[in-house]
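Asker: For reference, this is coords.cif, and it has mmCIF, C-alpha atoms (C1' of nucleotides).
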data_data
#
loop_
_atom_site.group_PDB
_atom_site.id
_atom_site.type_symbol
_atom_site.label_atom_id
_atom_site.label_comp_id
_atom_site.auth_asym_id
_atom_site.auth_seq_id
_atom_site.Cartn_x
_atom_site.Cartn_y
_atom_site.Cartn_z
ATOM 1 C CA MET A 1 0.000 0.000 0.000
ATOM 2 C CA ARG A 2 1.134 3.509 -0.753
ATOM 3 C CA LYS A 3 1.550 6.016 1.988
ATOM 4 C CA GLU A 4 0.180 9.436 1.240
ATOM 5 C CA ASN A 5 2.560 11.486 3.293
ATOM 6 C CA SER A 6 5.921 9.838 3.039
ATOM 7 C CA SER A 7 8.771 11.920 1.667
ATOM 8 C CA ASN A 8 8.906 9.364 -1.070
ATOM 9 C CA ALA A 9 5.300 9.966 -2.136
ATOM 10 C CA ILE A 10 5.615 13.729 -1.763
ATOM 11 C CA ASN A 11 8.716 13.832 -3.942
ATOM 12 C CA GLU A 12 7.016 11.688 -6.548
ATOM 13 C CA GLN A 13 4.056 14.071 -6.633
ATOM 14 C CA PHE A 14 6.387 17.040 -6.863
ATOM 15 C CA LEU A 15 8.079 15.585 -9.924
ATOM 16 C CA PHE A 16 4.779 14.634 -11.536
ATOM 17 C CA GLN A 17 3.706 18.231 -11.264
ATOM 18 C CA VAL A 18 7.016 19.643 -12.526
ATOM 19 C CA CYS A 19 6.676 17.797 -15.813
ATOM 20 C CA GLU A 20 4.668 15.010 -17.426
ATOM 21 C CA ARG A 21 7.965 13.463 -18.376
ATOM 22 C CA ASN A 22 8.168 12.057 -14.884
ATOM 23 C CA SER A 23 4.708 10.550 -14.749
ATOM 24 C CA ALA A 24 5.089 9.188 -18.260
ATOM 25 C CA ILE A 25 8.250 7.358 -17.290
ATOM 26 C CA SER A 26 6.707 6.005 -14.151
ATOM 27 C CA ILE A 27 3.867 4.506 -16.206
ATOM 28 C CA VAL A 28 6.194 2.426 -18.346
ATOM 29 C CA SER A 29 8.870 1.652 -15.821
ATOM 30 C CA GLY A 30 7.431 -1.320 -13.946
ATOM 31 C CA ARG A 31 9.468 -4.475 -14.218
ATOM 32 C CA TRP A 32 7.626 -6.179 -17.128
ATOM 33 C CA LYS A 33 5.540 -3.348 -18.499
ATOM 34 C CA SER A 34 7.225 -2.207 -21.665
ATOM 35 C CA GLN A 35 7.801 -5.771 -22.743
ATOM 36 C CA ILE A 36 4.142 -6.616 -22.128
ATOM 37 C CA ILE A 37 3.059 -3.619 -24.192
ATOM 38 C CA PHE A 38 5.321 -4.767 -26.993
ATOM 39 C CA TYR A 39 4.101 -8.360 -26.926
ATOM 40 C CA ILE A 40 0.466 -7.299 -26.941
ATOM 41 C CA SER A 41 1.174 -5.100 -29.960
ATOM 42 C CA GLN A 42 2.566 -8.219 -31.649
ATOM 43 C CA GLY A 43 -0.702 -10.065 -31.128
ATOM 44 C CA ASN A 44 0.038 -11.852 -27.880
ATOM 45 C CA ASN A 45 -3.084 -10.410 -26.421
ATOM 46 C CA ARG A 46 -4.128 -13.210 -24.070
ATOM 47 C CA PHE A 47 -3.015 -13.908 -20.530
ATOM 48 C CA HIS A 48 -1.618 -17.326 -21.379
ATOM 49 C CA LEU A 49 0.168 -16.047 -24.485
ATOM 50 C CA LEU A 50 1.953 -13.444 -22.402
ATOM 51 C CA GLN A 51 2.929 -16.151 -19.941
ATOM 52 C CA GLN A 52 4.483 -18.121 -22.764
ATOM 53 C CA ARG A 53 6.597 -15.144 -23.848
ATOM 54 C CA LEU A 54 7.605 -14.355 -20.278
ATOM 55 C CA PRO A 55 8.382 -17.770 -18.858
ATOM 56 C CA ASN A 56 9.553 -16.542 -15.469
ATOM 57 C CA ILE A 57 6.656 -14.286 -14.651
ATOM 58 C CA SER A 58 4.184 -15.586 -12.099
ATOM 59 C CA GLU A 59 0.466 -15.307 -12.698
ATOM 60 C CA THR A 60 0.087 -12.963 -9.780
ATOM 61 C CA VAL A 61 2.723 -10.626 -11.065
ATOM 62 C CA LEU A 62 1.443 -10.673 -14.632
ATOM 63 C CA ALA A 63 -2.083 -9.928 -13.451
ATOM 64 C CA ARG A 64 -0.788 -7.046 -11.378
ATOM 65 C CA GLN A 65 1.191 -5.498 -14.217
ATOM 66 C CA LEU A 66 -1.792 -5.782 -16.555
ATOM 67 C CA LYS A 67 -4.046 -4.165 -14.013
ATOM 68 C CA GLU A 68 -1.657 -1.247 -13.598
ATOM 69 C CA LEU A 69 -1.438 -0.763 -17.354
ATOM 70 C CA GLU A 70 -5.212 -0.842 -17.467
ATOM 71 C CA ALA A 71 -5.399 1.765 -14.699
ATOM 72 C CA HIS A 72 -3.337 4.096 -16.884
ATOM 73 C CA ALA A 73 -5.554 3.360 -19.904
ATOM 74 C CA ILE A 74 -2.671 1.882 -21.870
ATOM 75 C CA LEU A 75 -4.836 -1.156 -22.486
ATOM 76 C CA VAL A 76 -8.341 -2.438 -21.897
ATOM 77 C CA LYS A 77 -9.728 -5.880 -21.228
ATOM 78 C CA ARG A 78 -12.441 -7.367 -23.384
ATOM 79 C CA GLU A 79 -14.317 -10.591 -22.832
ATOM 80 C CA ILE A 80 -14.309 -12.971 -25.765
ATOM 81 C CA PRO A 81 -17.899 -14.118 -26.374
ATOM 82 C CA ASP A 82 -18.815 -17.810 -26.375
ATOM 83 C CA THR A 83 -15.679 -19.038 -24.716
ATOM 84 C CA VAL A 84 -15.610 -21.200 -21.646
ATOM 85 C CA PRO A 85 -14.258 -20.361 -19.267
ATOM 86 C CA ILE A 86 -14.811 -16.850 -20.525
ATOM 87 C CA GLY A 87 -11.625 -15.689 -22.277
ATOM 88 C CA ILE A 88 -10.141 -12.240 -21.912
ATOM 89 C CA LYS A 89 -8.213 -10.346 -24.526
ATOM 90 C CA TYR A 90 -6.073 -7.300 -23.924
ATOM 91 C CA LEU A 91 -6.254 -4.476 -26.425
ATOM 92 C CA LEU A 92 -3.986 -1.467 -26.615
ATOM 93 C CA THR A 93 -5.738 1.864 -26.646
ATOM 94 C CA ASN A 94 -4.589 4.745 -28.829
ATOM 95 C CA LYS A 95 -2.682 5.924 -25.743
ATOM 96 C CA GLY A 96 -0.852 2.612 -25.569
ATOM 97 C CA LEU A 97 -0.258 2.412 -29.313
ATOM 98 C CA GLU A 98 1.295 5.877 -29.394
ATOM 99 C CA LEU A 99 3.825 4.672 -26.886
ATOM 100 C CA LEU A 100 5.182 2.072 -29.291
ATOM 101 C CA PRO A 101 7.295 4.321 -31.543
ATOM 102 C CA ILE A 102 8.692 6.063 -28.477
ATOM 103 C CA LEU A 103 9.666 2.767 -26.873
ATOM 104 C CA ASP A 104 11.156 1.761 -30.217
ATOM 105 C CA ARG A 105 13.430 4.768 -30.226
ATOM 106 C CA LEU A 106 14.469 4.059 -26.669
ATOM 107 C CA CYS A 107 15.204 0.515 -27.723
ATOM 108 C CA HIS A 108 17.283 1.656 -30.657
ATOM 109 C CA TRP A 109 19.144 4.119 -28.466
ATOM 110 C CA GLY A 110 19.990 1.370 -26.004
ATOM 111 C CA LYS A 111 21.040 -0.995 -28.739
ATOM 112 C CA ILE A 112 23.524 1.234 -30.544
ATOM 113 C CA TYR A 113 25.359 2.025 -27.335
ATOM 114 C CA ALA A 114 25.261 -1.589 -26.194
ATOM 115 C CA GLU A 115 26.842 -2.442 -29.551
ATOM 116 C CA GLY A 116 29.712 -0.104 -28.865
ATOM 117 C CA LYS A 117 28.832 3.284 -30.304
ATOM 118 C CA GLU A 118 31.497 5.718 -29.208
ATOM 119 C CA ILE A 119 30.726 7.930 -26.248
ATOM 120 C CA PHE A 120 32.157 11.439 -25.968
ATOM 121 C CA VAL A 121 31.394 14.823 -24.489
ATOM 122 C CA PRO A 122 30.342 17.290 -27.169
ATOM 123 C CA SER A 123 30.425 20.365 -24.952
ATOM 124 C CA ASP A 124 33.875 19.642 -23.597
ATOM 125 C CA GLU A 125 36.501 21.564 -25.557
ATOM 126 C CA GLU A 126 39.498 20.062 -23.872
ATOM 127 C CA SER A 127 39.102 16.412 -24.687
ATOM 128 C CA ASP A 128 36.776 13.863 -26.189
ATOM 129 C CA ILE A 129 38.315 11.033 -24.283
ATOM 130 C CA MET A 130 36.470 9.466 -21.378
ATOM 131 C CA LYS A 131 38.513 8.953 -18.291
ATOM 132 C CA MET B 1 23.239 -3.898 -2.119
ATOM 133 C CA ARG B 2 21.956 -5.983 -4.961
ATOM 134 C CA LYS B 3 21.645 -9.702 -4.659
ATOM 135 C CA GLU B 4 22.928 -11.629 -7.615
ATOM 136 C CA ASN B 5 20.600 -14.590 -7.425
ATOM 137 C CA SER B 6 17.251 -13.289 -6.330
ATOM 138 C CA SER B 7 14.305 -13.938 -8.624
ATOM 139 C CA ASN B 8 14.068 -10.219 -8.891
ATOM 140 C CA ALA B 9 17.612 -9.851 -10.218
ATOM 141 C CA ILE B 10 17.283 -12.872 -12.495
ATOM 142 C CA ASN B 11 14.076 -11.537 -14.029
ATOM 143 C CA GLU B 12 15.665 -8.171 -14.555
ATOM 144 C CA GLN B 13 18.581 -9.789 -16.361
ATOM 145 C CA PHE B 14 16.205 -11.866 -18.438
ATOM 146 C CA LEU B 15 14.386 -8.745 -19.633
ATOM 147 C CA PHE B 16 17.624 -6.890 -20.298
ATOM 148 C CA GLN B 17 18.642 -9.696 -22.588
ATOM 149 C CA VAL B 18 15.261 -9.945 -24.338
ATOM 150 C CA CYS B 19 15.478 -6.367 -25.520
ATOM 151 C CA GLU B 20 17.446 -3.179 -24.895
ATOM 152 C CA ARG B 21 14.126 -1.468 -24.394
ATOM 153 C CA ASN B 22 14.124 -2.805 -20.866
ATOM 154 C CA SER B 23 17.614 -1.735 -19.911
ATOM 155 C CA ALA B 24 17.078 1.641 -21.540
ATOM 156 C CA ILE B 25 14.007 2.270 -19.438
ATOM 157 C CA SER B 26 15.725 1.154 -16.298
ATOM 158 C CA ILE B 27 18.488 3.700 -16.922
ATOM 159 C CA VAL B 28 16.112 6.646 -16.955
ATOM 160 C CA SER B 29 13.552 5.458 -14.469
ATOM 161 C CA GLY B 30 15.134 6.377 -11.143
ATOM 162 C CA ARG B 31 13.140 8.869 -9.114
ATOM 163 C CA TRP B 32 14.893 12.105 -10.161
ATOM 164 C CA LYS B 33 16.859 10.993 -13.186
ATOM 165 C CA SER B 34 15.009 12.283 -16.195
ATOM 166 C CA GLN B 35 14.452 15.621 -14.531
ATOM 167 C CA ILE B 36 18.152 15.870 -13.669
ATOM 168 C CA ILE B 37 19.079 15.092 -17.275
ATOM 169 C CA PHE B 38 16.721 17.806 -18.433
ATOM 170 C CA TYR B 39 18.015 20.409 -15.994
ATOM 171 C CA ILE B 40 21.623 19.703 -16.907
ATOM 172 C CA SER B 41 20.732 20.129 -20.565
ATOM 173 C CA GLN B 42 19.337 23.543 -19.608
ATOM 174 C CA GLY B 43 22.649 24.610 -18.130
ATOM 175 C CA ASN B 44 22.111 23.673 -14.503
ATOM 176 C CA ASN B 45 25.268 21.677 -14.561
ATOM 177 C CA ARG B 46 26.459 22.145 -10.989
ATOM 178 C CA PHE B 47 25.545 20.218 -7.878
ATOM 179 C CA HIS B 48 24.183 23.274 -6.094
ATOM 180 C CA LEU B 49 22.225 24.437 -9.168
ATOM 181 C CA LEU B 50 20.472 21.090 -9.327
ATOM 182 C CA GLN B 51 19.683 21.376 -5.632
ATOM 183 C CA GLN B 52 18.033 24.719 -6.295
ATOM 184 C CA ARG B 53 15.807 23.243 -9.003
ATOM 185 C CA LEU B 54 14.935 20.217 -6.887
ATOM 186 C CA PRO B 55 14.298 21.744 -3.493
ATOM 187 C CA ASN B 56 13.276 18.508 -1.798
ATOM 188 C CA ILE B 57 16.162 16.345 -2.864
ATOM 189 C CA SER B 58 18.775 15.610 -0.239
ATOM 190 C CA GLU B 59 22.457 15.877 -1.016
ATOM 191 C CA THR B 60 22.894 12.175 -0.513
ATOM 192 C CA VAL B 61 20.155 11.300 -2.942
ATOM 193 C CA LEU B 62 21.284 13.773 -5.578
ATOM 194 C CA ALA B 63 24.837 12.475 -5.363
ATOM 195 C CA ARG B 64 23.560 8.932 -5.751
ATOM 196 C CA GLN B 65 21.438 9.704 -8.799
ATOM 197 C CA LEU B 66 24.328 11.553 -10.450
ATOM 198 C CA LYS B 67 26.664 8.674 -9.785
ATOM 199 C CA GLU B 68 24.237 6.225 -11.360
ATOM 200 C CA LEU B 69 23.833 8.410 -14.428
ATOM 201 C CA GLU B 70 27.598 8.611 -14.625
ATOM 202 C CA ALA B 71 27.855 4.822 -14.400
ATOM 203 C CA HIS B 72 25.647 4.577 -17.489
ATOM 204 C CA ALA B 73 27.738 7.207 -19.291
ATOM 205 C CA ILE B 74 24.803 9.570 -19.598
ATOM 206 C CA LEU B 75 26.989 12.240 -18.076
ATOM 207 C CA VAL B 76 30.545 12.836 -16.948
ATOM 208 C CA LYS B 77 32.043 14.928 -14.178
ATOM 209 C CA ARG B 78 34.684 17.515 -14.861
ATOM 210 C CA GLU B 79 36.649 19.519 -12.351
ATOM 211 C CA ILE B 80 36.551 23.256 -12.848
ATOM 212 C CA PRO B 81 40.148 24.569 -12.673
ATOM 213 C CA ASP B 82 41.153 27.254 -10.199
ATOM 214 C CA THR B 83 38.115 26.983 -7.965
ATOM 215 C CA VAL B 84 38.252 26.436 -4.252
ATOM 216 C CA PRO B 85 36.931 24.192 -3.024
ATOM 217 C CA ILE B 86 37.361 22.514 -6.376
ATOM 218 C CA GLY B 87 34.085 22.833 -8.314
ATOM 219 C CA ILE B 88 32.562 20.035 -10.339
ATOM 220 C CA LYS B 89 30.460 20.420 -13.456
ATOM 221 C CA TYR B 90 28.302 17.747 -14.997
ATOM 222 C CA LEU B 91 28.304 17.382 -18.748
ATOM 223 C CA LEU B 92 25.962 15.265 -20.830
ATOM 224 C CA THR B 93 27.643 12.886 -23.216
ATOM 225 C CA ASN B 94 26.330 12.247 -26.721
ATOM 226 C CA LYS B 95 24.555 9.264 -25.174
ATOM 227 C CA GLY B 96 22.794 11.533 -22.712
ATOM 228 C CA LEU B 97 22.040 14.214 -25.279
ATOM 229 C CA GLU B 98 20.411 11.710 -27.623
ATOM 230 C CA LEU B 99 18.023 10.842 -24.851
ATOM 231 C CA LEU B 100 16.608 14.358 -24.783
ATOM 232 C CA PRO B 101 14.335 14.197 -27.854
ATOM 233 C CA ILE B 102 13.050 10.817 -26.728
ATOM 234 C CA LEU B 103 12.226 12.138 -23.270
ATOM 235 C CA ASP B 104 10.600 15.112 -24.960
ATOM 236 C CA ARG B 105 8.267 12.867 -26.898
ATOM 237 C CA LEU B 106 7.407 10.950 -23.771
ATOM 238 C CA CYS B 107 6.685 14.254 -22.099
ATOM 239 C CA HIS B 108 4.449 15.364 -24.935
ATOM 240 C CA TRP B 109 2.641 12.026 -24.912
ATOM 241 C CA GLY B 110 1.966 12.357 -21.205
ATOM 242 C CA LYS B 111 0.837 15.929 -21.558
ATOM 243 C CA ILE B 112 -1.774 15.474 -24.264
ATOM 244 C CA TYR B 113 -3.458 12.671 -22.360
ATOM 245 C CA ALA B 114 -3.240 14.561 -19.085
ATOM 246 C CA GLU B 115 -4.965 17.430 -20.882
ATOM 247 C CA GLY B 116 -7.839 15.194 -21.836
ATOM 248 C CA LYS B 117 -7.105 13.700 -25.223
ATOM 249 C CA GLU B 118 -9.756 11.124 -25.956
ATOM 250 C CA ILE B 119 -8.896 7.499 -25.346
ATOM 251 C CA PHE B 120 -10.358 4.712 -27.457
ATOM 252 C CA VAL B 121 -9.582 1.230 -28.713
ATOM 253 C CA PRO B 122 -8.704 1.284 -32.410
ATOM 254 C CA SER B 123 -8.727 -2.470 -32.893
ATOM 255 C CA ASP B 124 -12.095 -2.948 -31.244
ATOM 256 C CA GLU B 125 -14.845 -3.137 -33.873
ATOM 257 C CA GLU B 126 -17.724 -3.275 -31.519
ATOM 258 C CA SER B 127 -17.339 -0.026 -29.661
ATOM 259 C CA ASP B 128 -15.058 2.911 -29.091
ATOM 260 C CA ILE B 129 -16.481 3.591 -25.695
ATOM 261 C CA MET B 130 -14.474 2.773 -22.621
ATOM 262 C CA LYS B 131 -16.331 0.878 -19.995
ATOM 263 C "C1'" DA C 1 38.288 30.392 16.500
ATOM 264 C "C1'" DC C 2 34.394 29.580 13.769
ATOM 265 C "C1'" DA C 3 31.220 29.444 10.113
ATOM 266 C "C1'" DA C 4 30.468 28.979 5.189
ATOM 267 C "C1'" DT C 5 31.087 26.913 0.616
ATOM 268 C "C1'" DG C 6 30.730 22.940 -2.610
ATOM 269 C "C1'" DA C 7 30.627 18.260 -3.100
ATOM 270 C "C1'" DC C 8 30.512 14.498 -1.438
ATOM 271 C "C1'" DT C 9 30.221 9.241 1.650
ATOM 272 C "C1'" DA C 10 28.829 5.517 5.076
ATOM 273 C "C1'" DA C 11 25.441 3.484 7.709
ATOM 274 C "C1'" DC C 12 20.966 2.984 8.620
ATOM 275 C "C1'" DA C 13 15.724 3.401 8.324
ATOM 276 C "C1'" DA C 14 11.462 3.815 5.722
ATOM 277 C "C1'" DA C 15 8.782 2.821 1.885
ATOM 278 C "C1'" DA C 16 7.791 0.740 -2.467
ATOM 279 C "C1'" DT C 17 8.172 -2.904 -5.762
ATOM 280 C "C1'" DT C 18 8.521 -7.601 -6.925
ATOM 281 C "C1'" DG C 19 7.905 -12.393 -6.011
ATOM 282 C "C1'" DT C 20 5.658 -16.558 -3.482
ATOM 283 C "C1'" DT C 21 2.112 -19.417 -1.667
ATOM 284 C "C1'" DA C 22 -2.247 -20.900 -1.604
ATOM 285 C "C1'" DG C 23 -6.371 -20.338 -2.866
ATOM 286 C "C1'" DC C 24 -11.136 -19.382 -6.187
ATOM 287 C "C1'" DC C 25 -14.437 -20.042 -10.254
ATOM 288 C "C1'" DT C 26 -16.963 -22.538 -14.244
ATOM 289 C "C1'" DT C 27 -17.429 -25.950 -17.643
ATOM 290 C "C1'" DA C 28 -15.677 -29.915 -20.379
ATOM 291 C "C1'" DA C 29 -13.089 -34.011 -20.855
ATOM 292 C "C1'" DT C 30 -11.091 -38.567 -18.712
ATOM 293 C "C1'" DA D 1 -14.240 -37.983 -8.789
ATOM 294 C "C1'" DT D 2 -10.544 -35.590 -10.719
ATOM 295 C "C1'" DT D 3 -8.037 -32.825 -13.751
ATOM 296 C "C1'" DA D 4 -7.459 -29.173 -16.984
ATOM 297 C "C1'" DA D 5 -8.024 -24.558 -19.082
ATOM 298 C "C1'" DG D 6 -7.990 -19.630 -18.444
ATOM 299 C "C1'" DG D 7 -7.822 -15.807 -15.292
ATOM 300 C "C1'" DC D 8 -7.634 -14.211 -11.669
ATOM 301 C "C1'" DT D 9 -7.088 -12.426 -5.846
ATOM 302 C "C1'" DA D 10 -5.426 -11.969 -0.901
ATOM 303 C "C1'" DA D 11 -1.849 -12.199 2.289
ATOM 304 C "C1'" DC D 12 2.664 -12.304 3.120
ATOM 305 C "C1'" DA D 13 7.872 -12.352 2.357
ATOM 306 C "C1'" DA D 14 12.024 -10.873 -0.097
ATOM 307 C "C1'" DT D 15 14.347 -7.421 -2.418
ATOM 308 C "C1'" DT D 16 15.215 -2.942 -4.022
ATOM 309 C "C1'" DT D 17 14.787 1.935 -3.996
ATOM 310 C "C1'" DT D 18 14.454 6.142 -1.639
ATOM 311 C "C1'" DG D 19 15.259 9.069 2.199
ATOM 312 C "C1'" DT D 20 17.730 10.448 6.774
ATOM 313 C "C1'" DT D 21 21.433 11.372 9.899
ATOM 314 C "C1'" DA D 22 25.793 12.483 10.741
ATOM 315 C "C1'" DG D 23 29.929 12.992 9.261
ATOM 316 C "C1'" DT D 24 34.432 14.581 5.837
ATOM 317 C "C1'" DC D 25 37.682 17.806 3.353
ATOM 318 C "C1'" DA D 26 40.250 22.173 2.054
ATOM 319 C "C1'" DT D 27 40.191 26.991 1.882
ATOM 320 C "C1'" DT D 28 38.362 31.789 2.551
ATOM 321 C "C1'" DG D 29 35.858 35.306 5.065
ATOM 322 C "C1'" DT D 30 34.427 37.247 9.899
#
As C-alpha cells, please, write out the structure in this file.
Answerer:
Amino acid sequence: MRKENSSNAINEQFLFQVCERNSAISIVSGRWKSQIIFYISQGNNRFHLLQQRLPNISETVLARQLKELEAHAILVKREIPDTVPIGIKYLLTNKGLELLPILDRLCHWGKIYAEGKEIFVPSDEESDIMK
Amino acid sequence: MRKENSSNAINEQFLFQVCERNSAISIVSGRWKSQIIFYISQGNNRFHLLQQRLPNISETVLARQLKELEAHAILVKREIPDTVPIGIKYLLTNKGLELLPILDRLCHWGKIYAEGKEIFVPSDEESDIMK
DNA sequence: ACAATGACTAACAAAATTGTTAGCCTTAAT
DNA sequence: ATTAAGGCTAACAATTTTGTTAGTCATTGT
C-alpha cells in the first residue's frame, strides 16, 4: 500500500507536477511493463500467451502489471464471447499504441550504445576522451 | 546492495537480454533521473544548481542519482580549474544528449493525455467507448 | 576560532516494488 | 471424482529503492 505522506510519495508528486515526463516514465517503468506492451502489440493479447513469452513471470505478477497498465488506460480488457471459461483479450488503446514508436526509439538508443557506439562529451573543448 | 541470485535480479537480467528497451528504461527510471538530465541540458550543470531546481532532494540522494547516471555514461564529471573548493560540473555525453528528444516525446505524450485527449480502442470493432 | 562553501560518503531506516504461496471459479473431458 | 483450461485475488515475504542522519575535506571570510 502507498503512503500518502511519506517523503517518497511527496517527492514523486512534486516531480509529476514539474513535468509530465516524470509521470510518463513512471507509467512504463514497472518491471515487465514495456515488454508486455510490446508483446500485446505483436498479437500476444491473451493472458496465457503473455505467460508463454515471459516464462519466469508468475500469474500474480502478470495480473498485477496488466491491471496497472489498465489503470493508466494503456490497455483495456475485453471478454471474448462464447468461450468457456470466458476468455479475456487485452487491447492497446490509442494511448498505448502511441507509446510504441517512443519505446522503439528508446530501444534503438539502447542498442547502438550496447553495440559499442562511441561515447564522448560534445560540450567539452578540452578532450573527447572518457577517463 | 543488490543480490545476484534473487528472482528479482534474475528476471531483470532476463528482460535486459530480451530487448534493450528494458535496460534503456531502467536507466532513466530512477526517481529524479530524467528531470536531472533535463536540468543539466538547460545549463544547470552544478551540484548546487540542481539542488536549487529540486528543493526537496537531499544531497545524498542527488549524489547517488548523479553517480548512477555517470555509471551509465549519460553524463561525466569535470573539475573546474582554479576553484576552491574545487568545483565540479556535470556534462551530458552524446549518449545523454540523444536521450533528450526521446524524453521530450514521452513528455508530450503524457501531456496530451493529461490534458484530456480522448482514449479509445482502435482495434475494437464493436465499440469505441471505454467501460 | 568559527562558520560557510561545494561536493561528497557511510550506515541505517522507511517505503515501495517484486515475487511466493495458496487459494477461487466454471465448464468440459477422462 | 478428478483434472485441466484460463484468469484471476489476498496475504505475506524478499528485495530494491528512496530518504535520513551524521559525518568529511580544504580553503576563505568574519
Asker: Would you kindly translate the PyMOL selection byres ((chain D and resi 18) around 12) into the concrete residues it picks from this file, as a ChimeraX atom specification?
Answerer: /A:6-12 /B:30-32,57-58,60-62,64-65 /C:13-17 /D:16-17,19-20
Asker: Take the PyMOL selection byres ((chain B) within 9 of (chain C)), run it mentally on this structure, and tell me the resulting residues as number ranges by chain.
Answerer: B: 7-8, 47-48, 59-60, 63, 84-88
Asker: Let me make sure I understand: among B:Leu50, B:Ala71, B:Leu97, B:Ala24, which one has the smallest atom-to-atom distance to chain A if we use all atoms listed in the file?
Answerer: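 Of B:Leu50, B:Ala71, B:Leu97, B:Ala24, the one nearest chain A, counting all atoms listed in the file, is B:Ala24.
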Asker: For the contact check between chain D and chain A, emit one row per residue of chain D within 9 Å, containing the shortest atom pair and the distance in Å rounded to one decimal, counting all atoms listed in the file, chain then rising number order, as a Markdown table.
Answerer:
| residue | atom | partner | partner_atom | distance |
| --- | --- | --- | --- | --- |
| D:DA5 | C1' | A:Pro85 | CA | 7.5 |
| D:DG6 | C1' | A:Pro85 | CA | 6.4 |
| D:DG7 | C1' | A:Phe47 | CA | 7.4 |
| D:DC8 | C1' | A:Ala63 | CA | 7.2 |
| D:DT9 | C1' | A:Thr60 | CA | 8.2 |
| D:DT18 | C1' | A:Asn8 | CA | 6.4 |
| D:DG19 | C1' | A:Ser7 | CA | 7.1 |
Asker: Could you expand the PyMOL selection byres ((chain B) within 6 of (chain A)) into the explicit residues it covers here, written as a VMD selection string?
Answerer: chain B and resid 20 to 21 24 93 to 94 106 to 107 110 to 111 120 to 121
Asker: Please compute the atom CA of B:Ile36-atom CA of B:Gln13 distance, one decimal, in Å.
Answerer: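 That distance, rounded to one decimal, is 25.8 Å.
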